[in-house]
>>> print(open('entry_18.tsv').read())   # TSV, C-alpha atoms
chain	number	residue	atom	x	y	z
A	1	MET	CA	131.35	56.52	22.79
A	2	ALA	CA	130.19	59.54	20.79
A	3	ARG	CA	130.42	57.37	17.68
A	4	ALA	CA	128.51	54.58	19.41
A	5	LEU	CA	125.74	57.07	20.21
A	6	ARG	CA	125.63	58.21	16.58
A	7	LEU	CA	125.29	54.56	15.54
A	8	ALA	CA	122.38	54.13	17.97
A	9	ARG	CA	120.61	57.08	16.34
A	10	THR	CA	120.95	55.74	12.78
A	11	VAL	CA	118.11	53.25	13.08
A	12	ARG	CA	115.39	54.14	10.56
A	13	ARG	CA	112.37	53.16	12.65
A	14	PRO	CA	111.53	52.50	16.31
A	15	THR	CA	113.26	49.56	17.99
A	16	SER	CA	110.36	49.09	20.42
A	17	PRO	CA	110.00	47.39	22.78
A	18	ASN	CA	113.81	47.23	22.74
A	19	PRO	CA	116.16	50.18	23.27
A	20	PRO	CA	118.21	51.83	20.50
A	21	VAL	CA	121.82	50.80	21.12
A	22	GLY	CA	125.11	51.40	19.32
A	23	ALA	CA	128.43	49.59	19.79
A	24	LEU	CA	131.93	49.56	18.37
A	25	ILE	CA	135.11	47.58	18.97
A	26	VAL	CA	138.53	49.22	19.02
A	27	ARG	CA	141.86	47.42	18.85
A	28	ASN	CA	145.19	49.24	18.86
A	29	GLY	CA	143.42	52.53	18.14
A	30	THR	CA	141.51	51.19	15.13
A	31	VAL	CA	137.79	50.45	14.87
A	32	VAL	CA	137.52	46.79	13.85
A	33	GLY	CA	133.77	46.35	14.19
A	34	GLU	CA	130.65	48.39	14.82
A	35	GLY	CA	126.89	48.12	14.64
A	36	TYR	CA	123.52	49.07	16.05
A	37	HIS	CA	120.33	47.30	17.06
A	38	LYS	CA	117.61	47.42	14.39
A	39	GLY	CA	114.74	46.23	16.57
A	40	ALA	CA	113.15	43.27	18.34
A	41	GLY	CA	114.29	39.95	16.90
A	42	HIS	CA	117.42	41.42	15.30
A	43	PRO	CA	120.92	40.90	16.73
A	44	HIS	CA	121.92	43.30	19.48
A	45	ALA	CA	124.46	46.01	18.71
A	46	GLU	CA	127.27	44.21	20.53
A	47	VAL	CA	126.72	41.02	18.51
A	48	VAL	CA	126.70	42.95	15.23
A	49	ALA	CA	130.00	44.63	16.14
A	50	LEU	CA	131.55	41.32	17.29
A	51	SER	CA	130.51	39.58	14.09
A	52	GLN	CA	132.16	42.31	12.03
A	53	ALA	CA	135.33	42.25	14.11
A	54	GLY	CA	135.76	38.47	14.09
A	55	GLN	CA	139.14	37.36	15.47
A	56	LYS	CA	140.21	41.00	15.84
A	57	ALA	CA	137.90	41.29	18.84
A	58	LYS	CA	140.40	39.41	21.03
A	59	ASP	CA	141.99	41.73	23.61
A	60	ALA	CA	140.06	44.69	22.13
A	61	THR	CA	137.85	47.29	23.83
A	62	LEU	CA	134.09	47.33	23.34
A	63	TYR	CA	132.23	50.64	23.58
A	64	VAL	CA	128.48	50.29	24.02
A	65	THR	CA	125.78	52.84	24.85
A	66	LEU	CA	123.83	50.53	27.20
A	67	GLU	CA	124.91	47.84	29.64
A	68	PRO	CA	125.07	44.48	27.81
A	69	CYS	CA	122.17	42.15	28.57
A	70	ALA	CA	122.75	39.09	30.74
A	71	HIS	CA	119.50	37.19	30.11
A	72	TYR	CA	117.81	35.12	27.43
A	73	GLY	CA	115.11	36.91	25.44
A	74	ARG	CA	114.61	36.60	21.70
A	75	THR	CA	118.39	36.43	21.51
A	76	PRO	CA	121.06	34.96	23.85
A	77	PRO	CA	122.84	37.11	26.47
A	78	CYS	CA	125.33	39.58	24.99
A	79	THR	CA	127.62	39.04	27.98
A	80	ASP	CA	128.25	35.45	26.83
A	81	ALA	CA	129.20	36.58	23.32
A	82	ILE	CA	131.50	39.31	24.67
A	83	ILE	CA	133.36	36.89	26.95
A	84	ARG	CA	133.69	34.21	24.22
A	85	ALA	CA	135.13	36.76	21.78
A	86	GLY	CA	137.98	37.58	24.13
A	87	ILE	CA	137.14	41.25	24.67
A	88	SER	CA	139.39	42.59	27.44
A	89	LYS	CA	137.64	45.87	28.31
A	90	VAL	CA	134.07	47.13	28.06
A	91	VAL	CA	133.15	50.82	28.25
A	92	VAL	CA	129.45	51.42	28.99
A	93	ALA	CA	127.58	54.70	28.74
A	94	THR	CA	124.79	53.84	31.18
A	95	ILE	CA	123.47	50.97	33.27
A	96	ASP	CA	120.31	49.28	31.99
A	97	ARG	CA	117.32	50.17	34.20
A	98	ASN	CA	115.47	47.06	33.07
A	99	PRO	CA	114.91	45.22	36.39
A	100	ILE	CA	116.15	41.93	34.91
A	101	VAL	CA	119.49	43.54	33.97
A	102	ASN	CA	120.25	46.61	36.14
A	103	GLY	CA	123.93	45.96	36.85
A	104	LYS	CA	123.93	42.18	36.32
A	105	GLY	CA	125.61	42.51	32.91
A	106	VAL	CA	128.48	44.55	34.35
A	107	GLN	CA	128.83	42.13	37.26
A	108	ILE	CA	129.05	39.07	34.98
A	109	LEU	CA	131.71	40.72	32.81
A	110	GLN	CA	133.78	41.72	35.83
A	111	GLN	CA	133.54	38.23	37.31
A	112	ALA	CA	134.87	36.89	34.00
A	113	GLY	CA	137.97	39.08	34.40
A	114	LEU	CA	137.07	41.91	32.03
A	115	THR	CA	137.73	45.54	32.90
A	116	VAL	CA	134.45	47.48	32.86
A	117	LEU	CA	134.12	51.27	32.89
A	118	THR	CA	130.66	52.86	33.18
A	119	GLY	CA	129.23	56.37	32.97
A	120	VAL	CA	130.99	57.60	29.80
A	121	LEU	CA	128.68	60.15	28.08
A	122	GLU	CA	126.00	58.89	30.44
A	123	LYS	CA	123.87	62.05	30.18
A	124	GLU	CA	123.67	61.82	26.38
A	125	ALA	CA	122.89	58.10	26.48
A	126	THR	CA	120.20	58.56	29.13
A	127	TYR	CA	118.51	61.22	27.00
A	128	LEU	CA	118.41	58.82	24.03
A	129	LEU	CA	117.24	55.90	26.15
A	130	ALA	CA	114.65	57.81	28.20
A	131	PRO	CA	111.68	56.28	26.30
A	132	PHE	CA	112.94	52.75	26.93
A	133	PHE	CA	113.70	53.42	30.58
A	134	LYS	CA	110.20	54.77	31.21
A	135	PHE	CA	108.52	51.98	29.24
A	136	ILE	CA	110.45	49.16	30.92
A	137	THR	CA	110.03	50.48	34.48
A	138	LYS	CA	106.55	52.04	34.41
A	139	LYS	CA	104.83	50.12	31.57
A	140	ILE	CA	103.65	53.33	29.94
A	141	PRO	CA	104.73	55.13	26.74
A	142	PHE	CA	107.17	58.02	26.69
A	143	ALA	CA	105.20	60.95	25.27
A	144	ILE	CA	106.60	63.82	23.23
A	145	LEU	CA	104.18	66.71	22.81
A	146	LYS	CA	104.75	68.50	19.49
A	147	LEU	CA	103.05	71.82	18.83
A	148	ALA	CA	103.49	74.47	16.16
A	149	MET	CA	102.60	77.94	17.35
A	150	THR	CA	102.95	81.59	16.53
A	151	ALA	CA	105.28	83.83	18.53
A	152	ASP	CA	102.27	84.85	20.63
A	153	GLY	CA	101.46	81.23	21.51
A	154	LYS	CA	98.57	80.48	19.14
A	155	ILE	CA	98.13	77.25	17.19
A	156	ALA	CA	95.25	78.58	15.08
A	157	THR	CA	93.58	81.88	14.28
A	158	ALA	CA	90.17	82.84	15.64
A	159	SER	CA	88.64	81.36	12.48
A	160	GLY	CA	90.43	78.05	13.11
A	161	GLN	CA	93.05	78.38	10.36
A	162	SER	CA	96.29	76.60	11.27
A	163	ARG	CA	97.94	75.54	7.99
A	164	TRP	CA	100.72	76.24	7.72
A	165	ILE	CA	102.12	78.01	10.77
A	166	THR	CA	105.62	76.59	10.28
A	167	GLY	CA	107.79	76.40	7.17
A	168	ARG	CA	108.77	73.40	5.09
A	169	LYS	CA	112.00	72.58	6.94
A	170	ALA	CA	110.17	72.42	10.26
A	171	GLN	CA	107.52	70.20	8.70
A	172	LYS	CA	110.20	67.78	7.44
A	173	TRP	CA	111.71	67.65	10.94
A	174	VAL	CA	108.32	66.63	12.30
A	175	HIS	CA	107.97	63.89	9.69
A	176	ARG	CA	111.35	62.48	10.73
A	177	LEU	CA	110.07	62.50	14.30
A	178	ARG	CA	106.96	60.65	13.12
A	179	ARG	CA	109.20	58.00	11.55
A	180	GLN	CA	110.92	57.52	14.92
A	181	SER	CA	107.60	57.11	16.76
A	182	ASP	CA	105.54	53.99	17.39
A	183	ALA	CA	102.31	55.96	17.35
A	184	ILE	CA	100.86	59.43	16.83
A	185	LEU	CA	98.03	60.69	19.03
A	186	VAL	CA	95.64	63.57	18.33
A	187	GLY	CA	92.29	64.69	19.68
A	188	VAL	CA	89.14	64.56	17.59
A	189	GLY	CA	89.15	68.36	17.39
A	190	THR	CA	92.29	68.20	15.26
A	191	ILE	CA	90.66	65.65	12.97
A	192	LEU	CA	87.55	67.79	12.50
A	193	ALA	CA	89.53	71.00	11.97
A	194	ASP	CA	92.44	69.83	9.78
A	195	ASP	CA	91.65	66.29	8.55
A	196	PRO	CA	95.33	65.23	8.83
A	197	GLU	CA	96.74	61.93	7.54
A	198	LEU	CA	99.28	61.58	10.37
A	199	THR	CA	101.64	59.68	8.06
A	200	VAL	CA	105.31	59.98	7.11
A	201	ARG	CA	105.38	61.71	3.73
A	202	LEU	CA	107.87	64.58	3.55
A	203	VAL	CA	110.86	62.31	4.25
A	204	PRO	CA	111.49	58.69	3.16
A	205	SER	CA	109.29	56.32	5.16
A	206	TYR	CA	111.32	53.17	4.36
A	207	GLY	CA	108.06	51.27	4.25
A	208	TYR	CA	107.09	52.19	7.81
A	209	GLN	CA	104.08	54.11	9.09
A	210	PRO	CA	103.33	54.69	12.78
A	211	LEU	CA	100.10	53.72	14.46
A	212	ARG	CA	97.52	56.52	14.30
A	213	ILE	CA	95.34	57.17	17.36
A	214	VAL	CA	92.41	59.54	17.86
A	215	ALA	CA	91.05	60.34	21.32
A	216	ASP	CA	87.37	60.67	20.43
A	217	SER	CA	85.01	59.89	23.30
A	218	LEU	CA	81.81	60.29	21.23
A	219	ALA	CA	83.12	58.73	17.98
A	220	ARG	CA	82.75	61.97	16.02
A	221	THR	CA	85.57	61.09	13.59
A	222	PRO	CA	84.10	60.88	10.06
A	223	PRO	CA	84.57	57.42	8.48
A	224	SER	CA	85.98	59.24	5.44
A	225	ALA	CA	88.68	61.03	7.48
A	226	LYS	CA	92.20	60.81	6.04
A	227	VAL	CA	93.47	59.41	9.33
A	228	ILE	CA	91.45	56.28	8.51
A	229	THR	CA	91.78	56.14	4.72
A	230	ALA	CA	95.54	56.90	4.55
A	231	LYS	CA	97.64	54.06	3.17
A	232	GLY	CA	99.90	52.11	5.50
A	233	GLY	CA	99.69	51.71	9.23
A	234	LYS	CA	96.62	51.21	11.37
A	235	THR	CA	94.15	53.62	12.95
A	236	ILE	CA	92.68	53.34	16.43
A	237	ILE	CA	89.74	55.45	17.60
A	238	ALA	CA	89.54	55.59	21.40
A	239	VAL	CA	85.93	56.09	22.53
A	240	THR	CA	83.88	55.76	25.70
A	241	ALA	CA	80.60	53.97	26.34
A	242	ALA	CA	78.86	57.26	25.53
A	243	ALA	CA	79.74	56.89	21.83
A	244	PRO	CA	76.63	56.04	19.75
A	245	LYS	CA	76.77	52.44	18.50
A	246	GLU	CA	76.05	53.39	14.89
A	247	ARG	CA	79.06	55.74	14.77
A	248	TRP	CA	81.28	53.12	16.34
A	249	GLU	CA	80.21	50.51	13.78
A	250	ALA	CA	80.67	52.96	10.87
A	251	LEU	CA	84.25	53.58	11.95
A	252	GLU	CA	84.94	49.84	12.08
A	253	ARG	CA	83.44	49.34	8.63
A	254	ALA	CA	85.72	52.09	7.34
A	255	GLY	CA	88.73	50.11	8.58
A	256	ALA	CA	89.49	51.68	11.97
A	257	GLU	CA	89.94	49.70	15.16
A	258	VAL	CA	87.75	51.05	17.98
A	259	TRP	CA	88.77	50.83	21.62
A	260	GLN	CA	86.23	51.48	24.35
A	261	LEU	CA	87.93	53.03	27.38
A	262	PRO	CA	86.74	54.58	30.64
A	263	PRO	CA	85.78	58.26	30.59
A	264	SER	CA	88.10	60.92	31.96
A	265	PRO	CA	87.53	62.04	35.57
A	266	ASP	CA	85.55	65.08	34.37
A	267	GLY	CA	83.47	62.89	32.03
A	268	ARG	CA	84.32	65.04	28.99
A	269	GLY	CA	86.69	62.71	27.20
A	270	VAL	CA	88.64	59.46	27.22
A	271	ASP	CA	90.66	58.57	30.29
A	272	LEU	CA	94.15	59.25	28.97
A	273	GLU	CA	96.08	57.13	31.45
A	274	SER	CA	93.94	54.13	30.52
A	275	LEU	CA	94.69	54.85	26.87
A	276	PHE	CA	98.43	55.04	27.59
A	277	ARG	CA	98.38	51.77	29.53
A	278	ARG	CA	96.64	49.97	26.69
A	279	LEU	CA	99.06	51.41	24.15
A	280	ALA	CA	101.95	50.07	26.24
A	281	GLU	CA	100.37	46.62	26.01
A	282	GLN	CA	100.72	47.02	22.23
A	283	ASN	CA	104.45	47.80	22.67
A	284	VAL	CA	104.00	51.51	22.00
A	285	MET	CA	107.09	52.94	23.65
A	286	ASN	CA	107.59	56.20	21.69
A	287	LEU	CA	104.35	58.20	21.51
A	288	LEU	CA	104.16	61.45	19.56
A	289	VAL	CA	101.29	63.77	20.48
A	290	GLU	CA	100.43	66.30	17.78
A	291	GLY	CA	97.50	68.16	19.28
A	292	GLY	CA	95.28	69.88	19.71
A	293	SER	CA	95.02	72.49	22.39
A	294	GLU	CA	92.62	70.66	24.73
A	295	LEU	CA	94.45	67.34	24.46
A	296	ALA	CA	97.77	69.08	25.16
A	297	GLY	CA	96.33	70.70	28.27
A	298	SER	CA	94.79	67.47	29.52
A	299	LEU	CA	97.98	65.47	29.05
A	300	LEU	CA	100.14	68.07	30.75
A	301	MET	CA	97.79	68.39	33.71
A	302	ALA	CA	97.69	64.59	34.02
A	303	GLY	CA	101.50	64.40	34.10
A	304	LEU	CA	101.63	62.22	30.99
A	305	VAL	CA	103.99	64.36	28.89
A	306	ASP	CA	107.71	63.63	29.14
A	307	ARG	CA	109.23	65.91	26.51
A	308	ILE	CA	108.07	68.90	24.47
A	309	ALA	CA	108.97	69.91	20.93
A	310	PHE	CA	107.45	73.33	20.35
A	311	PHE	CA	107.96	75.06	17.02
A	312	ILE	CA	107.69	78.82	17.27
A	313	ALA	CA	107.02	80.63	14.00
A	314	PRO	CA	107.88	84.33	13.47
A	315	LEU	CA	104.18	85.19	13.20
A	316	LEU	CA	101.69	87.12	15.32
A	317	VAL	CA	97.93	86.61	15.03
A	318	GLY	CA	96.59	88.10	18.28
A	319	GLY	CA	93.01	87.97	19.44
A	320	ALA	CA	91.46	86.51	22.55
A	321	LYS	CA	89.55	83.98	20.45
A	322	ALA	CA	92.62	82.61	18.67
A	323	ILE	CA	93.36	79.08	19.89
A	324	PRO	CA	96.15	78.87	22.51
A	325	ALA	CA	98.81	76.17	22.32
A	326	ILE	CA	97.73	74.67	25.63
A	327	GLY	CA	94.06	74.69	26.52
A	328	GLY	CA	92.04	73.57	29.51
A	329	GLN	CA	91.72	75.33	32.83
A	330	GLY	CA	95.44	75.95	33.15
A	331	ILE	CA	97.38	76.57	36.37
A	332	GLY	CA	96.35	79.39	38.67
A	333	ASP	CA	99.46	79.46	40.86
A	334	LEU	CA	102.83	80.20	39.27
A	335	ALA	CA	104.51	78.18	41.98
A	336	SER	CA	102.74	75.12	40.53
A	337	ALA	CA	103.72	75.81	36.91
A	338	ILE	CA	105.15	72.92	34.91
A	339	PHE	CA	108.94	73.18	34.76
A	340	LEU	CA	110.87	72.72	31.51
A	341	LYS	CA	114.20	71.07	32.24
A	342	GLU	CA	117.31	72.23	30.34
A	343	PRO	CA	115.45	73.79	27.39
A	344	THR	CA	117.34	74.21	24.13
A	345	PHE	CA	116.55	76.32	21.08
A	346	ARG	CA	117.39	75.53	17.46
A	347	LYS	CA	116.68	77.46	14.32
A	348	ILE	CA	115.12	75.26	11.64
A	349	GLY	CA	114.47	77.20	8.48
A	350	ARG	CA	112.54	80.31	9.43
A	351	ASP	CA	111.24	78.77	12.66
A	352	TYR	CA	112.64	78.05	16.13
A	353	LEU	CA	112.39	74.72	17.92
A	354	LEU	CA	112.14	74.59	21.70
A	355	LEU	CA	113.11	71.16	23.05
A	356	ALA	CA	112.86	70.35	26.74
A	357	ASP	CA	111.99	67.56	29.14
A	358	ILE	CA	109.31	67.94	31.76
A	359	GLY	CA	111.00	67.84	35.14
A	360	PHE	CA	112.51	69.74	37.97
A	361	PRO	CA	115.74	71.69	38.26
A	362	ASP	CA	118.76	69.64	39.35
>>> encode(input="entry_18.tsv", output="structure tokens")
Amino acid sequence: MARALRLARTVRRPTSPNPPVGALIVRNGTVVGEGYHKGAGHPHAEVVALSQAGQKAKDATLYVTLEPCAHYGRTPPCTDAIIRAGISKVVVATIDRNPIVNGKGVQILQQAGLTVLTGVLEKEATYLLAPFFKFITKKIPFAILKLAMTADGKIATASGQSRWITGRKAQKWVHRLRRQSDAILVGVGTILADDPELTVRLVPSYGYQPLRIVADSLARTPPSAKVITAKGGKTIIAVTAAAPKERWEALERAGAEVWQLPPSPDGRGVDLESLFRRLAEQNVMNLLVEGGSELAGSLLMAGLVDRIAFFIAPLLVGGAKAIPAIGGQGIGDLASAIFLKEPTFRKIGRDYLLLADIGFPD
């Protein structure tokens, strides 16, 4: 199952709106077939592994990271293919939370006489599949908030300087994360301060670029901004009715797509939940948020962040006017503080990466 999980992680780009799945077939202690799902419209991992195994699949054991599907979508049910191939045992990491599956695949296999074992490396599989599970049950993207900060929690100096807080290895890690994301979201403040491209550049892109999104209620993004002129991918500027028409039209002429959305409850920006819902309609399942401070604060307070990836650089800048990682009004009562579930630390180059899900202690 550990190998099946590694296979699921080898996909070069998002599989949205489908989940990343790995599978392998073992007969007499030997792997006779393996594969992973490349994305919507491609064969599922089980079918890839069965095709590779051929006749050797008979009486073999199938290991798969997600319960096999039992319904017709773009491809036929995997349960049918598994039964036809003569597989005798299926080991599943986790049940599919998709309401149209959710145990039906296991039930069909058992009714056909196969032995089915579930829950093997379930925790690891659930972590990998968390974006799909949220997307398929709540119709909203899974959001990872990435921030690069100094050891004293600043993302920019008092003068606004923020490049580069982290080293090259950390930057490459972020670009790999970009390649695994359907879309990247920033606030207009980041565009005005840094003029980022928000593209995959420091690692191979394999011809893929994520959707670029700017939350910009008043359409202040310059038409010449790199986020619009960068090659590959598409750029969406999310505005409100308060955005001047001439700015809106200039952005469209420059090649951006402009979405008008409701204002946030405080009237200061775009309503972020409405933005997330519309992104889900575009099959955005994996959303990477790269700043800035105010957007990070707004998303966290709205409960729209699922996972954090905070890079902490061995730097100190100090100063009350330096920009904090998380802006906004903040939380006044420690008892109401946002809890980071099972945080882990990794050293990447000179920097440290804090990874954690937003949640509650078990």
>>> atom_distance(input="entry_18.tsv", atom1="atom CA of A:Gly292", atom2="atom CA of A:Gly327")
8.4 Å
>>> atom_distance(input="entry_18.tsv", atom1="atom CA of A:Pro210", atom2="atom CA of A:Val289")
12.1 Å
>>> residues_around(input="entry_18.tsv", residues="A:Pro99", least_positions_apart="2", cutoff="9 Å", atoms="only C-alpha atoms", output="list of chain:residue names")
A:Asp96, A:Arg97, A:Val101, A:Asn102, A:Ile136, A:Thr137
>>> write_last_selection(input="entry_18.tsv", atoms="C-alpha atoms", output="tab-separated table (two decimals), in the coordinates of the input")
chain	number	residue	atom	x	y	z
A	96	ASP	CA	120.31	49.28	31.99
A	97	ARG	CA	117.32	50.17	34.20
A	101	VAL	CA	119.49	43.54	33.97
A	102	ASN	CA	120.25	46.61	36.14
A	136	ILE	CA	110.45	49.16	30.92
A	137	THR	CA	110.03	50.48	34.48
>>> closest_residue(input="entry_18.tsv", among="A:Ile191, A:Ala49, A:Leu129, A:Ile184", to="A:Thr15", atoms="all atoms listed in the file")
A:Leu129
>>> residues_around(input="entry_18.tsv", residues="A:Ala356", least_positions_apart="6", cutoff="8 Å", atoms="all atoms listed in the file", output="list in words")
Arg307, Ile308, Ala309, Leu340, Lys341, Glu342, Pro343 and Thr344 of chain A
>>> atom_distance(input="entry_18.tsv", atom1="atom CA of A:Arg277", atom2="atom CA of A:Val174")
24.8 Å
>>> residues_around(input="entry_18.tsv", residues="stretch 75-87 of chain A", least_positions_apart="3", cutoff="12 Å", atoms="all atoms listed in the file", output="JSON, numbers by chain")
{"A": [18, 23, 24, 25, 26, 27, 37, 39, 40, 41, 42, 43, 44, 45, 46, 47, 48, 49, 50, 51, 52, 53, 54, 55, 56, 57, 58, 59, 60, 61, 62, 63, 64, 66, 67, 68, 69, 70, 71, 72, 90, 91, 100, 101, 103, 104, 105, 106, 107, 108, 109, 110, 111, 112, 113, 114, 115, 116]}
>>> closest_residue(input="entry_18.tsv", among="A:Val214, A:Asp271, A:Pro141, A:Arg13", to="A:His175", atoms="only C-alpha atoms")
A:Arg13
>>> residues_around(input="entry_18.tsv", residues="A:Ser336", least_positions_apart="6", cutoff="12 Å", atoms="all atoms listed in the file", output="list in words")
Met301, Gly330 and Phe360 of chain A
>>> residues_around(input="entry_18.tsv", residues="A:Ile213", least_positions_apart="5", cutoff="12 Å", atoms="all atoms listed in the file", output="PyMOL selection string")
chain A and resi 182-188+190-191+196-199+221+227-228+233-239+256-259+272+275-276+278-279+284+287-291
>>> axis_aligned_box(input="entry_18.tsv", around="stretch 28-43 of chain A", padding_each_side="6 Å", output="JSON")
{"center_x": 129.2, "center_y": 46.2, "center_z": 16.4, "size_x": 44.0, "size_y": 24.6, "size_z": 17.0}
>>> residues_near_point(input="entry_18.tsv", point="(100.3, 83.4, 20.9)", cutoff="7 Å", atoms="only C-alpha atoms", output="MDAnalysis selection string")
chainID A and resid 149:154 316 318 324
>>> residues_near_point(input="entry_18.tsv", point="(95.2, 70.3, 30.6)", cutoff="12 Å", atoms="all atoms listed in the file", output="PyMOL selection string")
chain A and resi 264+266+269+272+291-305+324-331+337-338
>>> decode(input="entry_18.tsv", residues="stretch 182-256 of chain A", atoms="C-alpha atoms", output="compact mmCIF listing (two decimals), in the first residue's frame")
# COMPACT_ATOMS: atom_id res chain seq x y z
CA ASP A 182 -5.44 23.90 -10.03
CA ALA A 183 -5.22 27.59 -9.21
CA ILE A 184 -3.19 30.17 -7.29
CA LEU A 185 -4.93 32.98 -5.42
CA VAL A 186 -3.41 36.27 -4.22
CA GLY A 187 -4.77 39.62 -3.11
CA VAL A 188 -4.26 42.76 -5.16
CA GLY A 189 -1.83 44.05 -2.53
CA THR A 190 0.61 41.30 -3.50
CA ILE A 191 0.27 42.23 -7.17
CA LEU A 192 0.95 45.92 -6.48
CA ALA A 193 3.88 45.20 -4.15
CA ASP A 194 5.68 42.34 -5.93
CA ASP A 195 4.22 42.03 -9.47
CA PRO A 196 4.50 38.20 -9.39
CA GLU A 197 3.91 35.93 -12.39
CA LEU A 198 2.38 33.11 -10.31
CA THR A 199 3.67 30.53 -12.80
CA VAL A 200 5.67 27.31 -12.56
CA ARG A 201 9.24 28.21 -13.54
CA LEU A 202 11.85 26.87 -11.13
CA VAL A 203 10.89 23.23 -11.78
CA PRO A 204 9.71 21.56 -15.01
CA SER A 205 6.13 22.59 -15.80
CA TYR A 206 5.46 19.72 -18.25
CA GLY A 207 3.40 22.15 -20.29
CA TYR A 208 1.03 22.95 -17.43
CA GLN A 209 0.31 26.27 -15.73
CA PRO A 210 -2.30 26.73 -12.98
CA LEU A 211 -5.11 29.24 -13.15
CA ARG A 212 -4.10 32.61 -11.68
CA ILE A 213 -6.63 34.51 -9.57
CA VAL A 214 -6.48 37.98 -8.03
CA ALA A 215 -8.97 39.13 -5.40
CA ASP A 216 -9.24 42.78 -6.41
CA SER A 217 -12.55 44.40 -5.49
CA LEU A 218 -11.76 47.76 -7.15
CA ALA A 219 -9.89 46.39 -10.20
CA ARG A 220 -6.61 48.04 -9.23
CA THR A 221 -4.49 45.39 -10.97
CA PRO A 222 -2.46 47.11 -13.73
CA PRO A 223 -3.23 45.68 -17.21
CA SER A 224 0.54 45.32 -17.66
CA ALA A 225 0.94 43.17 -14.52
CA LYS A 226 2.95 39.97 -15.00
CA VAL A 227 0.07 37.93 -13.61
CA ILE A 228 -1.83 38.87 -16.79
CA THR A 229 0.99 38.95 -19.35
CA ALA A 230 2.72 35.71 -18.24
CA LYS A 231 2.68 32.95 -20.85
CA GLY A 232 0.48 29.92 -20.30
CA GLY A 233 -2.58 29.55 -18.16
CA LYS A 234 -5.39 32.00 -17.64
CA THR A 235 -5.87 34.94 -15.29
CA ILE A 236 -9.07 35.82 -13.44
CA ILE A 237 -9.56 39.14 -11.65
CA ALA A 238 -12.35 38.93 -9.06
CA VAL A 239 -13.98 42.35 -8.59
CA THR A 240 -17.15 43.80 -7.09
CA ALA A 241 -19.70 46.19 -8.54
CA ALA A 242 -17.66 49.01 -7.01
CA ALA A 243 -14.88 48.49 -9.59
CA PRO A 244 -14.81 51.35 -12.14
CA LYS A 245 -16.01 50.15 -15.55
CA GLU A 246 -12.99 51.56 -17.39
CA ARG A 247 -10.57 49.56 -15.23
CA TRP A 248 -12.62 46.42 -15.69
CA GLU A 249 -12.63 46.84 -19.48
CA ALA A 250 -8.87 47.56 -19.55
CA LEU A 251 -8.19 44.30 -17.75
CA GLU A 252 -10.33 42.39 -20.25
CA ARG A 253 -8.54 44.02 -23.17
CA ALA A 254 -5.23 42.95 -21.63
CA GLY A 255 -6.42 39.33 -21.70
CA ALA A 256 -7.75 38.76 -18.18
